[in-house]
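Enquirer: I am sharing run-v6.txt, which consists of compact mmCIF, C-alpha atoms:
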```txt
# COMPACT_ATOMS: atom_id res chain seq x y z
CA MET A 1 -13.63 22.15 25.04
CA PHE A 2 -10.88 20.23 26.84
CA VAL A 3 -7.41 21.15 25.60
CA ASN A 4 -4.54 18.69 25.91
CA SER A 5 -1.83 20.22 28.10
CA ASN A 6 1.09 19.19 30.30
CA GLU A 7 -1.31 19.19 33.24
CA GLY A 8 -3.85 16.95 31.51
CA TYR A 9 -7.03 17.97 29.72
CA LYS A 10 -7.82 21.54 30.67
CA LYS A 11 -11.42 22.75 30.42
CA VAL A 12 -11.80 25.88 28.29
CA PRO A 13 -15.22 27.60 28.02
CA PHE A 14 -16.14 28.07 24.36
CA THR A 15 -19.45 28.49 22.53
CA GLY A 16 -18.38 28.42 18.87
CA SER A 17 -17.94 25.56 16.41
CA ILE A 18 -15.11 23.03 16.27
CA ASN A 19 -13.66 24.92 13.28
CA ASP A 20 -13.80 28.16 15.26
CA PHE A 21 -11.92 26.54 18.11
CA CYS A 22 -9.24 25.26 15.74
CA TYR A 23 -8.52 28.87 14.76
CA GLU A 24 -8.71 29.91 18.41
CA ILE A 25 -5.79 27.64 19.32
CA GLY A 26 -3.73 28.55 16.23
CA TYR A 27 -4.64 25.80 13.78
CA ASN A 28 -6.53 25.88 10.50
CA THR A 29 -8.99 23.11 9.72
CA ASP A 30 -6.66 21.33 7.26
CA GLN A 31 -4.25 20.76 10.13
CA VAL A 32 -6.81 19.03 12.34
CA HIS A 33 -8.41 15.59 12.00
CA THR A 34 -11.70 15.00 13.81
CA PHE A 35 -12.37 11.47 15.03
CA LEU A 36 -15.95 10.69 16.00
CA GLY A 37 -15.14 7.28 17.39
CA ALA A 38 -17.58 5.17 19.31
CA ILE A 39 -21.25 6.12 19.43
CA ASN A 40 -22.73 7.11 22.80
CA HIS A 41 -19.50 7.48 24.71
CA PRO A 42 -20.45 8.61 28.23
CA LYS A 43 -18.27 11.73 28.10
CA ILE A 44 -16.77 12.38 24.66
CA PHE A 45 -18.40 13.48 21.41
CA CYS A 46 -15.20 13.65 19.36
CA VAL A 47 -11.43 13.91 19.63
CA CYS A 48 -9.47 16.33 17.43
CA LEU A 49 -5.91 15.40 16.51
CA GLU A 50 -3.06 16.98 14.60
CA VAL A 51 -3.52 15.67 11.08
CA PHE A 52 -1.37 12.64 10.08
CA THR A 53 -0.54 12.00 13.75
CA LEU A 54 -1.95 10.55 16.96
CA ASN A 55 -1.34 13.83 18.81
CA VAL A 56 -4.57 14.87 20.54
CA LEU A 57 -5.17 18.63 20.44
CA PHE A 58 -8.52 18.88 22.17
CA VAL A 59 -11.64 16.95 23.11
CA VAL A 60 -15.25 17.92 22.53
CA PRO A 61 -17.45 16.54 25.35
CA SER A 62 -20.80 14.91 24.65
CA LYS A 63 -22.36 16.69 27.61
CA ASP A 64 -21.49 19.17 30.32
CA VAL A 65 -18.74 17.45 32.31
CA ASP A 66 -16.19 18.81 34.78
CA ASN A 67 -13.23 16.75 33.66
CA ILE A 68 -11.81 14.54 30.94
CA GLN A 69 -9.13 12.05 31.93
CA GLU A 70 -6.46 10.42 29.81
CA SER A 71 -8.23 7.11 30.37
CA ASP A 72 -11.41 8.56 28.83
CA VAL A 73 -9.53 9.61 25.71
CA LYS A 74 -7.77 6.26 25.42
CA SER A 75 -11.06 4.38 25.66
CA PHE A 76 -12.55 6.67 22.99
CA LEU A 77 -9.57 6.13 20.68
CA LYS A 78 -9.42 2.36 21.13
CA ASP A 79 -10.96 1.81 17.68
CA PHE A 80 -8.84 4.46 15.95
CA ASP A 81 -7.41 2.86 12.81
CA TYR A 82 -4.57 4.99 11.48
CA LYS A 83 -4.62 3.43 8.00
CA HIS A 84 -8.34 4.00 7.70
CA GLU A 85 -8.41 7.54 9.08
CA TYR A 86 -5.46 8.58 6.93
CA SER A 87 -6.30 6.42 3.92
CA SER A 88 -4.98 7.37 0.49
CA TYR A 89 -8.36 8.95 -0.30
CA ASN A 90 -8.41 11.07 2.88
CA THR A 91 -4.74 11.95 2.55
CA LYS A 92 -5.25 13.17 -1.02
CA ASN A 93 -8.20 15.35 0.04
CA ILE A 94 -6.29 16.88 2.93
CA LEU A 95 -3.28 17.72 0.80
CA GLU A 96 -5.30 18.99 -2.17
CA ASN A 97 -7.34 21.29 0.09
CA GLY A 98 -4.16 22.54 1.70
CA ALA A 99 -2.61 23.24 -1.71
CA ASP A 100 -5.75 24.91 -3.08
CA TYR A 101 -6.23 27.23 -0.11
CA LYS A 102 -2.57 27.62 0.94
CA THR A 103 -3.22 26.38 4.45
CA LEU A 104 -0.39 23.87 4.81
CA LYS A 105 3.10 25.21 5.41
CA ILE A 106 6.38 23.35 5.11
CA ASP A 107 7.27 23.67 8.79
CA PHE A 108 4.02 22.03 9.88
CA LEU A 109 4.12 19.21 7.31
CA ALA A 110 7.83 18.63 7.95
CA ARG A 111 6.99 17.98 11.60
CA VAL A 112 3.93 15.74 11.17
CA LEU A 113 5.25 13.85 8.11
CA ASN A 114 8.91 13.72 9.15
CA ILE A 115 10.24 15.57 6.10
CA LYS A 116 14.03 15.75 6.31
CA ASN A 117 15.86 19.01 5.59
CA PRO A 118 12.75 21.01 4.64
CA ASP A 119 13.04 24.11 2.48
CA GLU A 120 10.49 26.76 1.59
CA ASN A 121 10.87 26.00 -2.12
CA GLY A 122 11.21 22.61 -3.71
CA MET A 123 9.86 19.10 -4.02
CA PHE A 124 10.01 16.53 -1.23
CA TYR A 125 9.20 12.84 -1.43
CA VAL A 126 7.29 11.55 1.61
CA PRO A 127 7.43 7.72 1.63
CA SER A 128 4.92 7.34 4.48
CA ILE A 129 2.11 8.70 2.25
CA GLY A 130 3.55 7.96 -1.20
CA TYR A 131 3.44 11.54 -2.48
CA ASN A 132 5.82 14.13 -3.82
CA LEU A 133 4.97 17.47 -2.20
CA PHE A 134 5.77 20.76 -3.94
CA PHE A 135 6.33 24.01 -2.02
CA ILE A 136 6.64 27.63 -3.07
CA ASP A 137 7.42 30.34 -0.53
CA GLY A 138 6.82 27.87 2.29
CA TYR A 139 3.33 26.77 1.22
CA LEU A 140 2.21 23.47 -0.26
CA THR A 141 1.20 24.20 -3.85
CA ASP A 142 0.87 20.80 -5.52
CA ILE A 143 1.04 17.05 -4.93
CA GLN A 144 1.96 14.14 -7.14
CA THR A 145 1.80 10.41 -6.55
CA SER A 146 5.28 8.97 -6.44
CA ASP A 147 4.21 5.52 -7.61
CA GLY A 148 1.98 6.60 -10.51
CA LEU A 149 -1.15 5.00 -9.03
CA ASN A 150 -4.46 6.77 -9.49
CA ASP A 151 -7.08 7.19 -6.75
CA SER A 152 -8.83 3.89 -7.50
CA ALA A 153 -5.63 1.84 -7.42
CA LYS A 154 -4.37 3.56 -4.26
CA HIS A 155 -7.70 2.98 -2.53
CA LEU A 156 -7.77 -0.69 -3.58
CA LYS A 157 -4.18 -1.10 -2.41
CA ASP A 158 -5.28 0.14 1.03
CA LEU A 159 -8.43 -1.99 1.12
CA ASN A 160 -7.08 -5.22 -0.32
CA PRO A 161 -3.29 -5.27 -0.80
CA THR A 162 -3.37 -8.94 -1.83
CA LEU A 163 -5.77 -8.29 -4.70
CA PHE A 164 -3.74 -5.26 -5.73
CA ARG A 165 -0.51 -7.27 -5.79
CA ASP A 166 -2.15 -10.06 -7.78
CA TYR A 167 -3.23 -7.63 -10.50
CA GLU A 168 0.13 -5.94 -10.53
CA ASN A 169 1.80 -9.31 -11.07
CA GLU A 170 -0.76 -10.18 -13.75
CA ALA A 171 0.14 -7.01 -15.65
CA LYS A 172 3.85 -7.80 -15.27
CA ARG A 173 3.28 -11.19 -16.94
CA TYR A 174 2.52 -9.35 -20.18
CA TRP A 175 4.44 -6.08 -19.83
CA GLY A 176 7.56 -7.38 -18.08
CA ASN A 177 9.63 -4.54 -16.64
CA ASP A 178 7.80 -1.81 -18.55
CA PHE A 179 6.74 -0.15 -15.29
CA PRO A 180 4.63 2.71 -16.79
CA LYS A 181 2.59 0.18 -18.80
CA VAL A 182 2.12 -2.05 -15.75
CA ILE A 183 0.88 0.89 -13.66
CA ASN A 184 -1.37 2.10 -16.48
CA GLU A 185 -3.04 -1.31 -16.72
CA VAL A 186 -3.51 -1.56 -12.95
CA ASN A 187 -5.01 1.96 -12.87
CA LYS A 188 -7.46 1.16 -15.67
CA GLN A 189 -8.56 -2.16 -14.21
CA PHE A 190 -9.30 -0.71 -10.78
CA ASP A 191 -10.97 2.38 -12.21
CA ALA A 192 -13.32 -0.04 -13.98
CA LEU A 193 -13.81 -2.15 -10.84
CA PHE A 194 -14.99 0.87 -8.86
CA TRP A 195 -17.17 1.99 -11.79
CA ILE A 196 -19.10 -1.19 -12.56
CA PRO A 197 -22.29 -1.80 -10.56
CA HIS A 198 -21.83 -3.94 -7.43
CA GLY A 199 -18.06 -4.21 -7.90
CA LEU A 200 -16.81 -7.75 -7.19
CA SER A 201 -20.42 -8.97 -7.01
CA ASN A 202 -21.24 -7.82 -10.55
CA GLU A 203 -23.43 -10.31 -12.39
CA PHE A 204 -21.14 -10.49 -15.45
CA ILE A 205 -17.85 -11.15 -13.67
CA LYS A 206 -17.74 -14.87 -14.45
CA LEU A 207 -17.91 -14.08 -18.18
CA HIS A 208 -14.69 -12.06 -18.07
CA LYS A 209 -12.58 -14.33 -15.87
CA ASN A 210 -9.57 -16.00 -17.48
CA HIS A 211 -8.07 -19.41 -16.72
CA GLN A 212 -5.90 -17.95 -13.98
CA GLY A 213 -8.94 -16.46 -12.27
CA PHE A 214 -8.26 -12.83 -13.17
CA ILE A 215 -11.20 -10.66 -14.15
CA ASN A 216 -10.87 -8.14 -16.96
CA PHE A 217 -12.91 -5.40 -15.30
CA HIS A 218 -12.13 -2.93 -18.07
CA MET A 219 -13.58 -5.09 -20.83
CA LEU A 220 -16.53 -6.04 -18.64
CA LYS A 221 -17.31 -2.32 -18.41
CA VAL A 222 -16.93 -1.90 -22.17
CA TYR A 223 -18.97 -4.94 -23.22
CA HIS A 224 -21.90 -4.63 -20.83
CA TYR A 225 -22.08 -0.92 -20.07
CA THR A 226 -20.18 1.75 -22.01
CA LYS A 227 -19.99 -0.22 -25.28
CA SER A 228 -17.14 1.86 -26.67
CA ILE A 229 -13.37 1.69 -26.73
CA ALA A 230 -10.76 2.90 -29.22
CA LEU A 231 -8.66 0.24 -30.92
CA ALA A 232 -5.41 1.59 -29.46
CA ASP A 233 -6.86 1.39 -25.93
CA PHE A 234 -8.23 -2.09 -26.61
CA LEU A 235 -4.83 -3.37 -27.76
CA GLU A 236 -3.12 -1.83 -24.73
CA ILE A 237 -5.44 -3.09 -22.00
CA ASN A 238 -5.45 -6.57 -23.58
CA HIS A 239 -1.75 -6.61 -24.46
CA GLY A 240 -0.56 -10.20 -24.87
CA ARG A 241 -4.07 -11.57 -24.37
CA TYR A 242 -5.91 -10.80 -27.60
CA LYS A 243 -5.85 -12.80 -30.80
CA GLU A 244 -6.42 -11.21 -34.17
CA VAL A 245 -9.04 -12.89 -36.37
CA LYS A 246 -7.75 -12.85 -39.93
CA PRO A 247 -10.48 -12.54 -42.60
CA MET A 248 -10.77 -15.31 -45.18
CA PHE A 249 -11.27 -12.64 -47.86
CA SER A 250 -12.42 -9.03 -48.03
CA PHE A 251 -13.62 -6.72 -50.76
CA LYS A 252 -12.47 -3.69 -48.76
CA LYS A 253 -9.05 -2.19 -49.39
CA THR A 254 -8.68 -1.73 -45.63
CA PRO A 255 -10.81 -4.42 -43.94
CA ASN A 256 -12.15 -4.10 -40.44
CA LYS A 257 -10.03 -5.55 -37.65
CA LYS A 258 -11.37 -8.36 -35.46
CA TYR A 259 -9.91 -9.60 -32.19
CA THR A 260 -10.92 -12.18 -29.61
CA VAL A 261 -10.34 -11.80 -25.89
CA GLY A 262 -11.61 -14.63 -23.73
CA ARG A 263 -15.22 -15.43 -24.62
CA PHE A 264 -15.76 -12.39 -26.86
CA THR A 265 -14.94 -11.04 -30.31
CA TYR A 266 -14.61 -7.32 -31.02
CA GLU A 267 -14.67 -5.68 -34.44
CA PHE A 268 -13.15 -2.28 -35.18
CA SER A 269 -13.51 -0.04 -38.20
CA GLU A 270 -10.56 1.20 -40.23
CA ASN A 271 -10.71 4.35 -38.08
CA GLY A 272 -10.25 2.33 -34.91
CA GLU A 273 -13.83 2.62 -33.65
CA LEU A 274 -15.58 -0.33 -32.02
CA ILE A 275 -18.50 -1.14 -34.33
CA GLN A 276 -19.72 -4.48 -33.02
CA PHE A 277 -18.94 -7.28 -30.60
CA HIS A 278 -20.40 -10.65 -29.65
CA SER A 279 -19.79 -13.71 -27.53
CA ASN A 280 -17.97 -16.63 -29.13
```
Can you dump the structure from the file as structure tokens?
Expert:
Amino acid sequence: MFVNSNEGYKKVPFTGSINDFCYEIGYNTDQVHTFLGAINHPKIFCVCLEVFTLNVLFVVPSKDVDNIQESDVKSFLKDFDYKHEYSSYNTKNILENGADYKTLKIDFLARVLNIKNPDENGMFYVPSIGYNLFFIDGYLTDIQTSDGLNDSAKHLKDLNPTLFRDYENEAKRYWGNDFPKVINEVNKQFDALFWIPHGLSNEFIKLHKNHQGFINFHMLKVYHYTKSIALADFLEINHGRYKEVKPMFSFKKTPNKKYTVGRFTYEFSENGELIQFHSN
């Protein structure tokens, strides 16, 4: 291994694993991010950094070499994408593992995440990652998204911020300033997007696109795949977009409810269960 030091990268003989070496230098594995980088680098197999930072801790060579220079490390890290390496998905996994196994302490996270006025007990909002972090006796014990977004929405926001913003604005058209309802709709739509086969290339997308070009991924999932949704959930996800179909007459004391959304009509029983649906 080659350890980053004031005198450059110092060669340290070691025969164990990368995880073993992390412990050897005083780190646990949740504090270290391994970057594999470019394939077939002439000297370097991977670079290990302090998690959430660009601080190189040590370098694992790809073969037996006598030295590693700063220029070698820079060339290896040239394709390092901070947003990708520390995406919302990876960040969540790191923090959840740290909370589950009590491996992340407040002093370490305060340093790498720039937490102001850290305390061993309490909750701290970290804007750079969008999480509230909870500590007891100096250890991270729980995490909570500060913006209310679920994993799917956070991941989509990282991958395609324009698409995310468009759907957020679409939800605001119907929910106004009711922020929890806006977030709930965004979460459900992107959960469905990541669930449906082939995502944005799904064969049924054109059938669920409205005049503004927005696709109702949630109802696409219901209509073509899961075929079930409770009436209350239906009315919420289609808030402001459904039209109730009033029956001409009914022999039932409590007739079934029918609604149209886009090209489709959905019928619900008096208990709020979806019983049938069809294209218009």
Enquirer: Pick the closest to Phe135 in chain A from A:Val245, A:Ala110, A:Val12, A:Ala232: which is it, counting all atoms listed in the file?
Expert: A:Ala110
Enquirer: Give me, please, the distance in Å between CA of Val222 in chain A and CA of Asn184 in chain A, quoted to one decimal.
Expert: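 Taking CA of Val222 in chain A and CA of Asn184 in chain A, their separation equals 17.0 Å.
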Enquirer: Tell me, as a ChimeraX atom specification, which residues lie within 10 Å of Ile94 in chain A, counting all atoms listed in the file; anything in the same chain fewer than 2 positions away does not count.
Expert: /A:29-33,51-52,86,88-92,96-99,104
Enquirer: Take CA of Tyr167 in chain A and CA of Glu203 in chain A and report the distance between them in Å, one decimal.
Expert: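 Straight-line distance from CA of Tyr167 in chain A to CA of Glu203 in chain A works out to 20.5 Å.
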Enquirer: Could you pull the residues within 10 Å of Pro127 in chain A, counting only C-alpha atoms, minus those fewer than 3 positions along the same chain, as a count of residues only?
Expert: 8
Enquirer: Select all residues near (-12.0, 22.4, 19.7) (cut-off 12 Å, inclusive, file coordinates), counting all atoms listed in the file, and output them as an MDAnalysis selection string.
Expert: chainID A and resid 1:4 10:29 32:35 45:50 56:61
Enquirer: Just how far from CA of Tyr266 in chain A is CA of Lys209 in chain A, in Å to one decimal?
Expert: 16.8 Å
Enquirer: With all atoms listed in the file as the atoms that count, which of A:Val112, A:Asn280, A:Lys83, A:Asp191 lies nearest to Asp151 in chain A?
Expert: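 Closest to Asp151 in chain A, using all atoms listed in the file: A:Asp191.
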